[in-house]
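Dropping input_17.cif in here (mmCIF, C-alpha atoms):
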data_target
loop_
_atom_site.label_atom_id
_atom_site.label_comp_id
_atom_site.auth_asym_id
_atom_site.auth_seq_id
_atom_site.Cartn_x
_atom_site.Cartn_y
_atom_site.Cartn_z
CA MET A 1 -24.08 1.13 -59.77
CA ARG A 2 -24.63 4.71 -60.81
CA GLU A 3 -21.11 6.01 -61.25
CA ALA A 4 -19.97 7.78 -64.35
CA ALA A 5 -17.10 6.09 -66.18
CA GLY A 6 -13.85 6.54 -64.30
CA TRP A 7 -15.40 7.37 -60.93
CA PRO A 8 -13.94 5.45 -57.99
CA THR A 9 -16.44 3.17 -56.26
CA LEU A 10 -17.61 2.36 -52.75
CA GLU A 11 -19.03 -1.08 -51.96
CA PHE A 12 -22.13 -0.87 -49.81
CA TRP A 13 -23.09 -4.07 -47.96
CA PHE A 14 -26.51 -3.82 -46.33
CA GLU A 15 -29.70 -5.58 -45.19
CA PHE A 16 -33.30 -4.36 -45.35
CA GLY A 17 -33.96 -5.64 -41.83
CA SER A 18 -30.98 -3.74 -40.37
CA THR A 19 -31.74 -0.55 -38.47
CA TYR A 20 -28.54 1.36 -39.20
CA SER A 21 -28.67 0.21 -42.83
CA TYR A 22 -31.86 2.30 -43.01
CA LEU A 23 -29.87 5.48 -42.44
CA SER A 24 -27.19 4.55 -44.98
CA VAL A 25 -29.62 3.42 -47.70
CA MET A 26 -31.42 6.75 -47.42
CA ARG A 27 -28.23 8.83 -47.43
CA ILE A 28 -25.68 7.12 -49.65
CA GLU A 29 -26.63 8.15 -53.19
CA ALA A 30 -26.76 11.88 -52.45
CA LEU A 31 -23.40 11.70 -50.67
CA ALA A 32 -21.88 9.66 -53.48
CA GLU A 33 -23.02 12.04 -56.22
CA ARG A 34 -21.48 14.94 -54.32
CA ALA A 35 -18.22 13.04 -53.81
CA ARG A 36 -18.28 11.77 -57.43
CA VAL A 37 -18.12 8.17 -56.21
CA GLY A 38 -20.08 5.23 -57.63
CA VAL A 39 -22.07 3.07 -55.23
CA VAL A 40 -21.77 -0.70 -55.67
CA TRP A 41 -24.86 -2.14 -53.95
CA ARG A 42 -24.14 -5.41 -52.12
CA PRO A 43 -27.22 -6.78 -50.36
CA PHE A 44 -26.59 -9.75 -48.07
CA LEU A 45 -28.45 -11.57 -45.30
CA LEU A 46 -27.50 -10.80 -41.70
CA GLY A 47 -29.11 -14.00 -40.33
CA PRO A 48 -26.29 -16.37 -41.36
CA VAL A 49 -23.67 -13.80 -40.34
CA PHE A 50 -25.14 -13.50 -36.83
CA GLY A 51 -25.64 -17.28 -36.79
CA ALA A 52 -21.89 -17.77 -37.25
CA GLN A 53 -21.46 -15.59 -34.13
CA GLY A 54 -23.71 -17.96 -32.15
CA LEU A 55 -26.76 -15.68 -32.32
CA ASN A 56 -30.17 -16.78 -33.56
CA THR A 57 -31.51 -13.22 -33.83
CA SER A 58 -30.29 -9.62 -33.99
CA PRO A 59 -27.77 -8.62 -31.29
CA PHE A 60 -30.24 -5.81 -30.52
CA VAL A 61 -32.80 -8.44 -29.51
CA ALA A 62 -30.27 -10.74 -27.80
CA GLN A 63 -28.94 -7.84 -25.68
CA GLU A 64 -31.95 -6.09 -24.21
CA ALA A 65 -30.21 -2.98 -22.80
CA LYS A 66 -28.33 -2.42 -26.06
CA GLY A 67 -31.55 -2.87 -28.04
CA ARG A 68 -33.43 -0.35 -25.92
CA TYR A 69 -30.66 2.20 -26.43
CA MET A 70 -30.46 1.50 -30.17
CA TRP A 71 -34.04 2.67 -30.81
CA THR A 72 -33.39 5.94 -28.96
CA ASP A 73 -30.15 6.45 -30.85
CA LEU A 74 -31.67 5.56 -34.22
CA ALA A 75 -34.50 8.07 -33.74
CA ARG A 76 -31.96 10.78 -32.82
CA GLN A 77 -29.74 9.96 -35.80
CA ALA A 78 -32.71 10.01 -38.19
CA ARG A 79 -33.71 13.43 -36.84
CA LYS A 80 -30.14 14.68 -37.24
CA HIS A 81 -30.12 13.60 -40.90
CA GLY A 82 -33.64 14.94 -41.56
CA LEU A 83 -35.03 11.46 -42.21
CA PRO A 84 -38.51 10.31 -41.20
CA PHE A 85 -38.58 7.42 -38.74
CA ARG A 86 -41.08 5.31 -36.84
CA GLN A 87 -40.02 2.34 -34.70
CA PRO A 88 -41.34 -0.79 -36.45
CA SER A 89 -43.77 -2.96 -34.49
CA VAL A 90 -41.85 -6.07 -35.61
CA PHE A 91 -38.06 -6.39 -35.43
CA PRO A 92 -36.12 -7.77 -37.10
CA ARG A 93 -38.31 -8.29 -40.18
CA ASN A 94 -37.59 -11.11 -42.60
CA ALA A 95 -36.13 -9.44 -45.67
CA VAL A 96 -35.43 -12.39 -47.98
CA ARG A 97 -38.01 -11.47 -50.66
CA PRO A 98 -36.97 -7.86 -51.25
CA MET A 99 -33.31 -8.86 -50.82
CA ARG A 100 -33.62 -11.31 -53.72
CA LEU A 101 -34.73 -8.43 -55.91
CA ALA A 102 -31.98 -6.17 -54.64
CA VAL A 103 -29.26 -8.70 -55.39
CA LEU A 104 -30.68 -9.25 -58.88
CA GLY A 105 -31.01 -5.53 -59.62
CA ALA A 106 -27.84 -4.35 -57.89
CA ASP A 107 -26.37 -2.98 -61.14
CA GLN A 108 -29.64 -1.49 -62.42
CA PRO A 109 -30.35 2.25 -62.43
CA TRP A 110 -33.43 1.65 -60.24
CA ILE A 111 -31.60 -0.03 -57.34
CA GLY A 112 -31.38 3.08 -55.15
CA ALA A 113 -35.04 4.04 -55.53
CA PHE A 114 -36.15 0.46 -54.85
CA CYS A 115 -33.99 0.13 -51.72
CA ARG A 116 -35.22 3.44 -50.33
CA ALA A 117 -38.84 2.39 -50.95
CA VAL A 118 -38.33 -0.90 -49.04
CA MET A 119 -36.58 0.90 -46.17
CA ARG A 120 -39.40 3.47 -45.92
CA GLN A 121 -41.89 0.59 -45.67
CA ASN A 122 -39.94 -0.97 -42.78
CA PHE A 123 -38.81 2.08 -40.81
CA VAL A 124 -41.39 4.75 -41.62
CA ASP A 125 -44.66 3.04 -42.63
CA ASP A 126 -44.27 -0.04 -40.38
CA LEU A 127 -45.16 -2.50 -43.15
CA ASP A 128 -44.18 -6.16 -43.51
CA ILE A 129 -41.41 -6.01 -46.11
CA GLY A 130 -41.67 -9.79 -46.58
CA ASP A 131 -45.24 -9.49 -47.90
CA PRO A 132 -45.18 -10.00 -51.72
CA ALA A 133 -47.72 -7.19 -52.19
CA HIS A 134 -45.42 -4.73 -50.42
CA VAL A 135 -42.36 -5.97 -52.33
CA ARG A 136 -44.25 -5.32 -55.56
CA GLY A 137 -45.36 -1.93 -54.23
CA ALA A 138 -41.78 -0.89 -53.50
CA LEU A 139 -40.57 -2.09 -56.88
CA ALA A 140 -43.41 -0.32 -58.66
CA GLN A 141 -42.03 2.96 -57.28
CA ALA A 142 -38.75 2.26 -59.07
CA VAL A 143 -39.49 0.41 -62.35
CA ASP A 144 -42.20 0.35 -65.01
CA HIS A 145 -42.63 -3.45 -65.18
CA PRO A 146 -42.24 -4.80 -61.65
CA ASP A 147 -43.73 -8.21 -62.44
CA ASP A 148 -40.96 -9.05 -64.92
CA TRP A 149 -38.33 -8.47 -62.27
CA ILE A 150 -40.31 -10.35 -59.60
CA ALA A 151 -40.59 -13.38 -61.90
CA ARG A 152 -36.85 -13.29 -62.53
CA ALA A 153 -36.06 -12.95 -58.81
CA ASN A 154 -38.16 -16.02 -58.02
CA ASP A 155 -36.58 -18.04 -60.82
CA ALA A 156 -34.71 -21.11 -59.55
CA ASP A 157 -31.56 -19.93 -61.34
CA ASN A 158 -31.50 -16.63 -59.45
CA ARG A 159 -32.48 -17.78 -55.98
CA PRO A 160 -28.92 -18.89 -55.06
CA LEU A 161 -27.52 -15.39 -55.79
CA LEU A 162 -28.42 -14.01 -52.35
CA ARG A 163 -26.89 -16.95 -50.51
CA ALA A 164 -23.71 -16.66 -52.59
CA GLN A 165 -23.44 -12.95 -51.80
CA THR A 166 -23.99 -13.66 -48.08
CA GLU A 167 -21.16 -16.20 -48.16
CA ALA A 168 -18.99 -13.63 -49.92
CA ALA A 169 -19.75 -11.17 -47.10
CA GLN A 170 -18.56 -13.67 -44.53
CA ARG A 171 -15.37 -14.36 -46.49
CA ARG A 172 -14.70 -10.60 -46.52
CA GLY A 173 -14.82 -10.50 -42.70
CA ILE A 174 -18.17 -8.70 -42.54
CA PHE A 175 -19.82 -9.09 -39.11
CA GLY A 176 -22.67 -6.56 -39.30
CA ALA A 177 -24.42 -4.01 -41.50
CA PRO A 178 -24.00 -1.55 -43.00
CA THR A 179 -20.42 -2.23 -44.05
CA PHE A 180 -18.48 -0.29 -46.67
CA PHE A 181 -15.34 -1.11 -48.64
CA ALA A 182 -13.19 1.51 -50.33
CA GLY A 183 -10.75 -0.82 -52.07
CA ALA A 184 -9.60 -3.18 -49.32
CA GLU A 185 -10.35 -0.66 -46.56
CA MET A 186 -13.35 -1.74 -44.49
CA PHE A 187 -15.71 0.59 -42.59
CA TRP A 188 -18.54 -0.62 -40.37
CA GLY A 189 -21.66 1.30 -39.41
CA ASP A 190 -23.58 4.30 -40.70
CA ASP A 191 -21.29 6.40 -38.46
CA ARG A 192 -18.44 5.61 -40.84
CA LEU A 193 -20.25 6.39 -44.11
CA ASP A 194 -18.64 9.82 -44.44
CA ASP A 195 -15.14 8.46 -43.75
CA ALA A 196 -15.67 5.57 -46.17
CA MET A 197 -16.89 7.95 -48.89
CA ALA A 198 -13.89 10.25 -48.40
CA CYS A 199 -11.57 7.23 -48.58
CA ALA A 200 -13.18 6.10 -51.86
CA ALA A 201 -13.09 9.61 -53.32
CA ALA A 202 -9.36 9.83 -52.55
CA MET A 203 -8.79 6.80 -54.78
CA ARG A 204 -9.46 8.66 -58.01
CA MET B 1 -15.48 17.63 -12.04
CA ARG B 2 -13.98 20.78 -13.53
CA GLU B 3 -17.00 22.87 -14.35
CA ALA B 4 -17.38 26.43 -13.23
CA ALA B 5 -20.40 27.07 -11.00
CA GLY B 6 -23.60 26.96 -13.02
CA TRP B 7 -22.22 25.05 -15.99
CA PRO B 8 -24.33 22.14 -17.13
CA THR B 9 -22.65 18.75 -16.75
CA LEU B 10 -22.02 15.62 -18.81
CA GLU B 11 -21.58 12.27 -17.05
CA PHE B 12 -18.72 10.28 -18.58
CA TRP B 13 -18.76 6.53 -17.82
CA PHE B 14 -15.54 4.82 -18.92
CA GLU B 15 -13.00 2.04 -18.35
CA PHE B 16 -9.21 2.14 -18.69
CA GLY B 17 -9.23 -1.21 -20.49
CA SER B 18 -11.75 -0.03 -23.09
CA THR B 19 -10.43 0.88 -26.52
CA TYR B 20 -12.97 3.51 -27.49
CA SER B 21 -12.79 4.97 -23.96
CA TYR B 22 -9.18 5.83 -24.87
CA LEU B 23 -10.37 8.26 -27.54
CA SER B 24 -12.95 9.88 -25.25
CA VAL B 25 -10.63 10.20 -22.24
CA MET B 26 -8.10 12.01 -24.42
CA ARG B 27 -10.69 14.30 -26.04
CA ILE B 28 -13.35 15.11 -23.48
CA GLU B 29 -11.86 17.91 -21.36
CA ALA B 30 -10.89 20.11 -24.31
CA LEU B 31 -14.34 19.65 -25.86
CA ALA B 32 -16.04 20.35 -22.53
CA GLU B 33 -14.12 23.56 -21.87
CA ARG B 34 -15.05 24.82 -25.34
CA ALA B 35 -18.72 23.92 -24.80
CA ARG B 36 -18.65 25.30 -21.21
CA VAL B 37 -19.80 21.97 -19.86
CA GLY B 38 -18.50 20.24 -16.69
CA VAL B 39 -17.31 16.64 -16.96
CA VAL B 40 -18.49 14.26 -14.24
CA TRP B 41 -16.03 11.35 -14.35
CA ARG B 42 -17.69 7.99 -13.70
CA PRO B 43 -15.20 5.10 -13.89
CA PHE B 44 -16.77 1.62 -13.78
CA LEU B 45 -15.66 -1.94 -14.53
CA LEU B 46 -16.73 -3.45 -17.85
CA GLY B 47 -16.09 -7.06 -16.70
CA PRO B 48 -19.27 -7.43 -14.64
CA VAL B 49 -21.30 -5.57 -17.32
CA PHE B 50 -20.11 -7.97 -20.04
CA GLY B 51 -20.55 -10.86 -17.59
CA ALA B 52 -24.24 -10.01 -17.27
CA GLN B 53 -24.41 -10.31 -21.09
CA GLY B 54 -23.01 -13.85 -20.86
CA LEU B 55 -19.48 -12.83 -21.94
CA ASN B 56 -16.35 -13.69 -19.95
CA THR B 57 -14.17 -11.25 -21.93
CA SER B 58 -14.43 -8.23 -24.23
CA PRO B 59 -16.88 -8.63 -27.16
CA PHE B 60 -13.88 -7.70 -29.33
CA VAL B 61 -12.15 -10.87 -28.17
CA ALA B 62 -15.30 -13.03 -28.21
CA GLN B 63 -16.08 -11.96 -31.81
CA GLU B 64 -12.89 -12.35 -33.77
CA ALA B 65 -13.92 -10.58 -37.00
CA LYS B 66 -15.30 -7.62 -35.06
CA GLY B 67 -12.13 -7.48 -32.97
CA ARG B 68 -9.89 -7.46 -36.03
CA TYR B 69 -11.89 -4.61 -37.55
CA MET B 70 -11.91 -2.67 -34.26
CA TRP B 71 -8.11 -2.29 -34.21
CA THR B 72 -8.10 -0.93 -37.77
CA ASP B 73 -10.92 1.44 -36.96
CA LEU B 74 -9.37 2.59 -33.69
CA ALA B 75 -6.07 3.41 -35.40
CA ARG B 76 -7.95 5.40 -38.08
CA GLN B 77 -10.02 7.28 -35.48
CA ALA B 78 -6.92 8.12 -33.42
CA ARG B 79 -5.24 9.48 -36.56
CA LYS B 80 -8.35 11.54 -37.38
CA HIS B 81 -8.29 13.11 -33.91
CA GLY B 82 -4.52 13.65 -33.94
CA LEU B 83 -3.95 11.19 -31.10
CA PRO B 84 -0.96 8.84 -30.81
CA PHE B 85 -1.84 5.14 -30.83
CA ARG B 86 -0.12 1.78 -30.67
CA GLN B 87 -2.05 -1.49 -30.50
CA PRO B 88 -1.41 -2.97 -27.02
CA SER B 89 0.24 -6.39 -26.91
CA VAL B 90 -2.27 -7.48 -24.23
CA PHE B 91 -6.03 -6.88 -24.52
CA PRO B 92 -8.08 -6.33 -22.52
CA ARG B 93 -5.82 -5.28 -19.64
CA ASN B 94 -6.98 -5.59 -16.04
CA ALA B 95 -7.70 -2.05 -14.92
CA VAL B 96 -8.88 -2.54 -11.34
CA ARG B 97 -5.92 -0.79 -9.65
CA PRO B 98 -5.98 2.48 -11.61
CA MET B 99 -9.79 2.38 -11.64
CA ARG B 100 -9.83 2.38 -7.81
CA LEU B 101 -7.85 5.62 -7.90
CA ALA B 102 -10.07 7.11 -10.57
CA VAL B 103 -13.24 6.44 -8.62
CA LEU B 104 -11.69 7.92 -5.48
CA GLY B 105 -10.40 11.01 -7.28
CA ALA B 106 -13.33 11.55 -9.64
CA ASP B 107 -14.12 14.99 -8.19
CA GLN B 108 -10.47 16.08 -7.86
CA PRO B 109 -8.85 18.64 -10.18
CA TRP B 110 -6.24 16.03 -11.22
CA ILE B 111 -8.69 13.41 -12.50
CA GLY B 112 -8.33 14.31 -16.19
CA ALA B 113 -4.53 14.35 -16.17
CA PHE B 114 -4.40 11.02 -14.30
CA CYS B 115 -6.86 9.32 -16.66
CA ARG B 116 -4.98 10.53 -19.74
CA ALA B 117 -1.69 9.27 -18.25
CA VAL B 118 -3.16 5.78 -17.66
CA MET B 119 -4.66 5.68 -21.14
CA ARG B 120 -1.35 6.68 -22.75
CA GLN B 121 0.31 3.82 -20.84
CA ASN B 122 -2.22 1.32 -22.22
CA PHE B 123 -2.73 2.55 -25.79
CA VAL B 124 0.49 4.37 -26.65
CA ASP B 125 3.30 2.97 -24.49
CA ASP B 126 1.98 -0.63 -24.25
CA LEU B 127 2.50 -0.83 -20.48
CA ASP B 128 0.68 -3.03 -17.95
CA ILE B 129 -1.73 -0.56 -16.32
CA GLY B 130 -2.34 -3.08 -13.51
CA ASP B 131 1.30 -2.89 -12.36
CA PRO B 132 1.45 -0.80 -9.14
CA ALA B 133 4.64 0.93 -10.36
CA HIS B 134 2.86 2.14 -13.50
CA VAL B 135 -0.20 3.21 -11.52
CA ARG B 136 2.07 5.28 -9.31
CA GLY B 137 3.85 6.64 -12.38
CA ALA B 138 0.59 7.78 -13.94
CA LEU B 139 -0.59 9.39 -10.72
CA ALA B 140 2.78 11.13 -10.22
CA GLN B 141 2.12 12.96 -13.50
CA ALA B 142 -1.07 14.41 -12.00
CA VAL B 143 -0.49 14.98 -8.25
CA ASP B 144 2.35 15.98 -5.92
CA HIS B 145 1.85 13.23 -3.32
CA PRO B 146 0.82 10.07 -5.19
CA ASP B 147 1.49 7.73 -2.26
CA ASP B 148 -1.15 9.40 -0.08
CA TRP B 149 -3.80 8.76 -2.72
CA ILE B 150 -2.60 5.21 -3.36
CA ALA B 151 -2.86 4.41 0.36
CA ARG B 152 -6.39 5.79 0.44
CA ALA B 153 -7.40 3.83 -2.68
CA ASN B 154 -6.22 0.58 -1.11
CA ASP B 155 -7.98 1.31 2.18
CA ALA B 156 -10.66 -1.26 3.01
CA ASP B 157 -13.24 1.51 3.33
CA ASN B 158 -12.67 2.72 -0.22
CA ARG B 159 -12.32 -0.59 -2.07
CA PRO B 160 -16.10 -1.10 -2.37
CA LEU B 161 -16.53 2.25 -4.19
CA LEU B 162 -15.65 0.81 -7.60
CA ARG B 163 -18.01 -2.12 -7.26
CA ALA B 164 -20.82 0.21 -6.15
CA GLN B 165 -20.25 2.46 -9.16
CA THR B 166 -20.24 -0.57 -11.48
CA GLU B 167 -23.59 -1.67 -10.06
CA ALA B 168 -24.88 1.86 -10.56
CA ALA B 169 -23.80 1.65 -14.21
CA GLN B 170 -25.80 -1.53 -14.67
CA ARG B 171 -28.88 0.02 -13.03
CA ARG B 172 -28.61 2.93 -15.47
CA GLY B 173 -28.80 0.53 -18.44
CA ILE B 174 -25.13 0.90 -19.42
CA PHE B 175 -23.95 -2.00 -21.62
CA GLY B 176 -20.56 -0.75 -22.85
CA ALA B 177 -18.04 2.10 -22.67
CA PRO B 178 -17.71 4.96 -23.14
CA THR B 179 -21.25 6.01 -22.23
CA PHE B 180 -22.40 9.59 -21.65
CA PHE B 181 -25.46 11.02 -19.92
CA ALA B 182 -26.72 14.53 -20.51
CA GLY B 183 -29.48 14.58 -17.91
CA ALA B 184 -31.45 11.36 -18.59
CA GLU B 185 -30.35 11.25 -22.25
CA MET B 186 -27.91 8.38 -22.86
CA PHE B 187 -25.23 8.28 -25.58
CA TRP B 188 -22.99 5.27 -26.24
CA GLY B 189 -19.61 5.30 -27.92
CA ASP B 190 -16.89 7.83 -28.69
CA ASP B 191 -18.79 8.48 -31.94
CA ARG B 192 -21.53 10.14 -29.88
CA LEU B 193 -19.28 12.36 -27.73
CA ASP B 194 -19.96 15.46 -29.83
CA ASP B 195 -23.74 14.88 -29.80
CA ALA B 196 -23.70 14.21 -26.04
CA MET B 197 -21.69 17.38 -25.41
CA ALA B 198 -24.08 19.46 -27.53
CA CYS B 199 -27.04 17.96 -25.66
CA ALA B 200 -25.47 18.84 -22.30
CA ALA B 201 -24.57 22.36 -23.45
CA ALA B 202 -28.17 22.95 -24.52
CA MET B 203 -29.28 22.31 -20.92
CA ARG B 204 -27.89 25.58 -19.58
#
Kindly transcribe the structure held in the file into structure tokens.
Amino acid sequence: MREAAGWPTLEFWFEFGSTYSYLSVMRIEALAERARVGVVWRPFLLGPVFGAQGLNTSPFVAQEAKGRYMWTDLARQARKHGLPFRQPSVFPRNAVRPMRLAVLGADQPWIGAFCRAVMRQNFVDDLDIGDPAHVRGALAQAVDHPDDWIARANDADNRPLLRAQTEAAQRRGIFGAPTFFAGAEMFWGDDRLDDAMACAAAMR
Amino acid sequence: MREAAGWPTLEFWFEFGSTYSYLSVMRIEALAERARVGVVWRPFLLGPVFGAQGLNTSPFVAQEAKGRYMWTDLARQARKHGLPFRQPSVFPRNAVRPMRLAVLGADQPWIGAFCRAVMRQNFVDDLDIGDPAHVRGALAQAVDHPDDWIARANDADNRPLLRAQTEAAQRRGIFGAPTFFAGAEMFWGDDRLDDAMACAAAMR
């Protein structure tokens, strides 16, 4: 959370394996600063959410035609927003390790930089974001002592945090990522980030 | 098709039962005139397309959380575009009858007015768009002699047109509606109408 005291907030529910979450992770902090809105980072796992819909993988894998289109659309959207993009050779990537760090550090000043570093690994550099060396590499771009945070994330006390947050997502009616909440108002998809931000900003 | 000679064209694939097609049907002609792009109306049935994905109804019915969100989002989008909207009491409505007329009249000057009339019935006035009296009522808003067109649409020679166009949609990789093509470039969803229009306009 980076908001100044008294700023309204926007909840940002996302997944490192999620393609459209890539766009929102890269864009959200700049938009929020301009709108004077604080971002509340809410990482959660898509796997159990899709599982509850009867899917054992991403809908973009389950539905071939939709998946094919998605990569074309994602590349166009990245270009439109001036973001680098390369289609990953593996999709969807298992994101549990970096997600554990994100849920632990969600209120830390480094959360945005860490999340962007993980997303660049997945959607620009085509790296395995589940590899501990890459997780450490992404965290090292954001904090001075990455190993302290990694030890805490792997601690038995902290491991349940990600599952709890994923269950909270399901209770909120979340069915995909990214999802935003301005108060009780829900917005789904990177296409709604601007609307969600405006809605949050209007709550001041 | 309403373009002047030499205007580039945008193919518009849609369904009268489709919620986000409502927004695009209401918006597309004004946007196209401004961009000096011709609209090529391509009605097709979503049922067989969803059927090929293993669904026997709309994904918004099959996935309850997504469906609930969709109605909130659709109402917000309609408000943003200054369009009237009331959630229909029946969803999805069977659209075969008005779709047969749309496929027959796709190149006629009245196609836009007819499609908007049907969509207002479904998403503003909460009327059964499959009822022959309402089909006639919608067509009467667009043409002088609705019964001539209705007779032609019900003719055995013309009935296969809609199925053939639906099969063409599937061969093109269409998985939902609305879908736009600017040349070979595919865009899915009312959210991409502006991008699709700009892409078509750039082809002059």
* To do: Scan for residues within 7 Å of the point (-11.6, 1.5, -52.8) in the coordinates of the file, using all atoms listed in the file, and reply as a ChimeraX atom specification.
  => /A:8-10,181-185,200,203
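Compared by their closest atoms to chain A, and using all atoms listed in the file, the residues B:Trp41, B:Phe123, B:Phe14, B:Trp71 rank with B:Trp71 nearest.
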* To do: Find the residues in chain A near chain B: any atom within 7 Å counts, using only C-alpha atoms. Write them as a PyMOL selection string.
  => chain A and resi 53+63+65-66+173+175
* Would you kindly translate the PyMOL selection byres ((chain A and resi 148-162) around 9) into the concrete residues it picks from this file, as a list in words? => Pro43, Phe44, Leu45, Val96, Arg97, Met99, Arg100, Leu101, Ala102, Val103, Leu104, Gly105, Val135, Arg136, Leu139, Val143, His145, Pro146, Asp147, Arg163, Ala164, Gln165, Thr166 and Glu167 of chain A
* **Ala32 in chain A environment, 12 Å, only C-alpha atoms, sequence neighbours closer than 5 positions dropped, as number ranges by chain** => A: 1-4, 7-12, 24-27, 37-40, 112, 193-201
Just to be explicit: take each residue in the selection above, keep C-alpha atoms, and write the result as a PDB file, in the coordinates of the input.
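Dumped to out_5.pdb:
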ATOM      1  CA  MET A   1     -24.080   1.130 -59.770  1.00  0.00           C
ATOM      2  CA  ARG A   2     -24.630   4.710 -60.810  1.00  0.00           C
ATOM      3  CA  GLU A   3     -21.110   6.010 -61.250  1.00  0.00           C
ATOM      4  CA  ALA A   4     -19.970   7.780 -64.350  1.00  0.00           C
ATOM      5  CA  TRP A   7     -15.400   7.370 -60.930  1.00  0.00           C
ATOM      6  CA  PRO A   8     -13.940   5.450 -57.990  1.00  0.00           C
ATOM      7  CA  THR A   9     -16.440   3.170 -56.260  1.00  0.00           C
ATOM      8  CA  LEU A  10     -17.610   2.360 -52.750  1.00  0.00           C
ATOM      9  CA  GLU A  11     -19.030  -1.080 -51.960  1.00  0.00           C
ATOM     10  CA  PHE A  12     -22.130  -0.870 -49.810  1.00  0.00           C
ATOM     11  CA  SER A  24     -27.190   4.550 -44.980  1.00  0.00           C
ATOM     12  CA  VAL A  25     -29.620   3.420 -47.700  1.00  0.00           C
ATOM     13  CA  MET A  26     -31.420   6.750 -47.420  1.00  0.00           C
ATOM     14  CA  ARG A  27     -28.230   8.830 -47.430  1.00  0.00           C
ATOM     15  CA  VAL A  37     -18.120   8.170 -56.210  1.00  0.00           C
ATOM     16  CA  GLY A  38     -20.080   5.230 -57.630  1.00  0.00           C
ATOM     17  CA  VAL A  39     -22.070   3.070 -55.230  1.00  0.00           C
ATOM     18  CA  VAL A  40     -21.770  -0.700 -55.670  1.00  0.00           C
ATOM     19  CA  GLY A 112     -31.380   3.080 -55.150  1.00  0.00           C
ATOM     20  CA  LEU A 193     -20.250   6.390 -44.110  1.00  0.00           C
ATOM     21  CA  ASP A 194     -18.640   9.820 -44.440  1.00  0.00           C
ATOM     22  CA  ASP A 195     -15.140   8.460 -43.750  1.00  0.00           C
ATOM     23  CA  ALA A 196     -15.670   5.570 -46.170  1.00  0.00           C
ATOM     24  CA  MET A 197     -16.890   7.950 -48.890  1.00  0.00           C
ATOM     25  CA  ALA A 198     -13.890  10.250 -48.400  1.00  0.00           C
ATOM     26  CA  CYS A 199     -11.570   7.230 -48.580  1.00  0.00           C
ATOM     27  CA  ALA A 200     -13.180   6.100 -51.860  1.00  0.00           C
ATOM     28  CA  ALA A 201     -13.090   9.610 -53.320  1.00  0.00           C
TER      29      ALA A 201
END
* To do: Find the residues around Asp125 in chain B up to 10 Å (all atoms listed in the file counted), leave out those fewer than 5 positions away in its own chain, and share them as a list of chain:residue names.
  =>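 In the requested format, the answer is B:Pro84, B:Phe85, B:Arg86, B:Gln87, B:Pro88, B:Val118, B:Met119, B:Arg120.
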* Which protein, DNA or RNA residues are at most 6 Å from (-41.8, -4.3, -45.1) in the file's coordinates when you count only C-alpha atoms, listed as a PyMOL selection string? -> chain A and resi 121-122+127-130
Please produce an output containing C-alpha atoms for each residue in the selection, written as a PDB file, in the coordinates of the input.
ATOM      1  CA  GLN A 121     -41.890   0.590 -45.670  1.00  0.00           C
ATOM      2  CA  ASN A 122     -39.940  -0.970 -42.780  1.00  0.00           C
ATOM      3  CA  LEU A 127     -45.160  -2.500 -43.150  1.00  0.00           C
ATOM      4  CA  ASP A 128     -44.180  -6.160 -43.510  1.00  0.00           C
ATOM      5  CA  ILE A 129     -41.410  -6.010 -46.110  1.00  0.00           C
ATOM      6  CA  GLY A 130     -41.670  -9.790 -46.580  1.00  0.00           C
TER       7      GLY A 130
END
* Got a sec: who's within 9 Å of Ser58 in chain A, counting only C-alpha atoms, leaving out chain neighbours fewer than 3 positions off, as a ChimeraX atom specification? -> /A:18,46-47,50,55,61-63,91-92
* Asked: Which value, in Å to one decimal, gives the distance between CA of Pro59 in chain A and CA of Gly51 in chain B?
  ->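 Between these atoms lies a distance of 15.6 Å.
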* Quick one, how far is CA of Arg34 in chain A from CA of Gln108 in chain A? ->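 Atom-to-atom, CA of Arg34 in chain A to CA of Gln108 in chain A, that is 20.1 Å.
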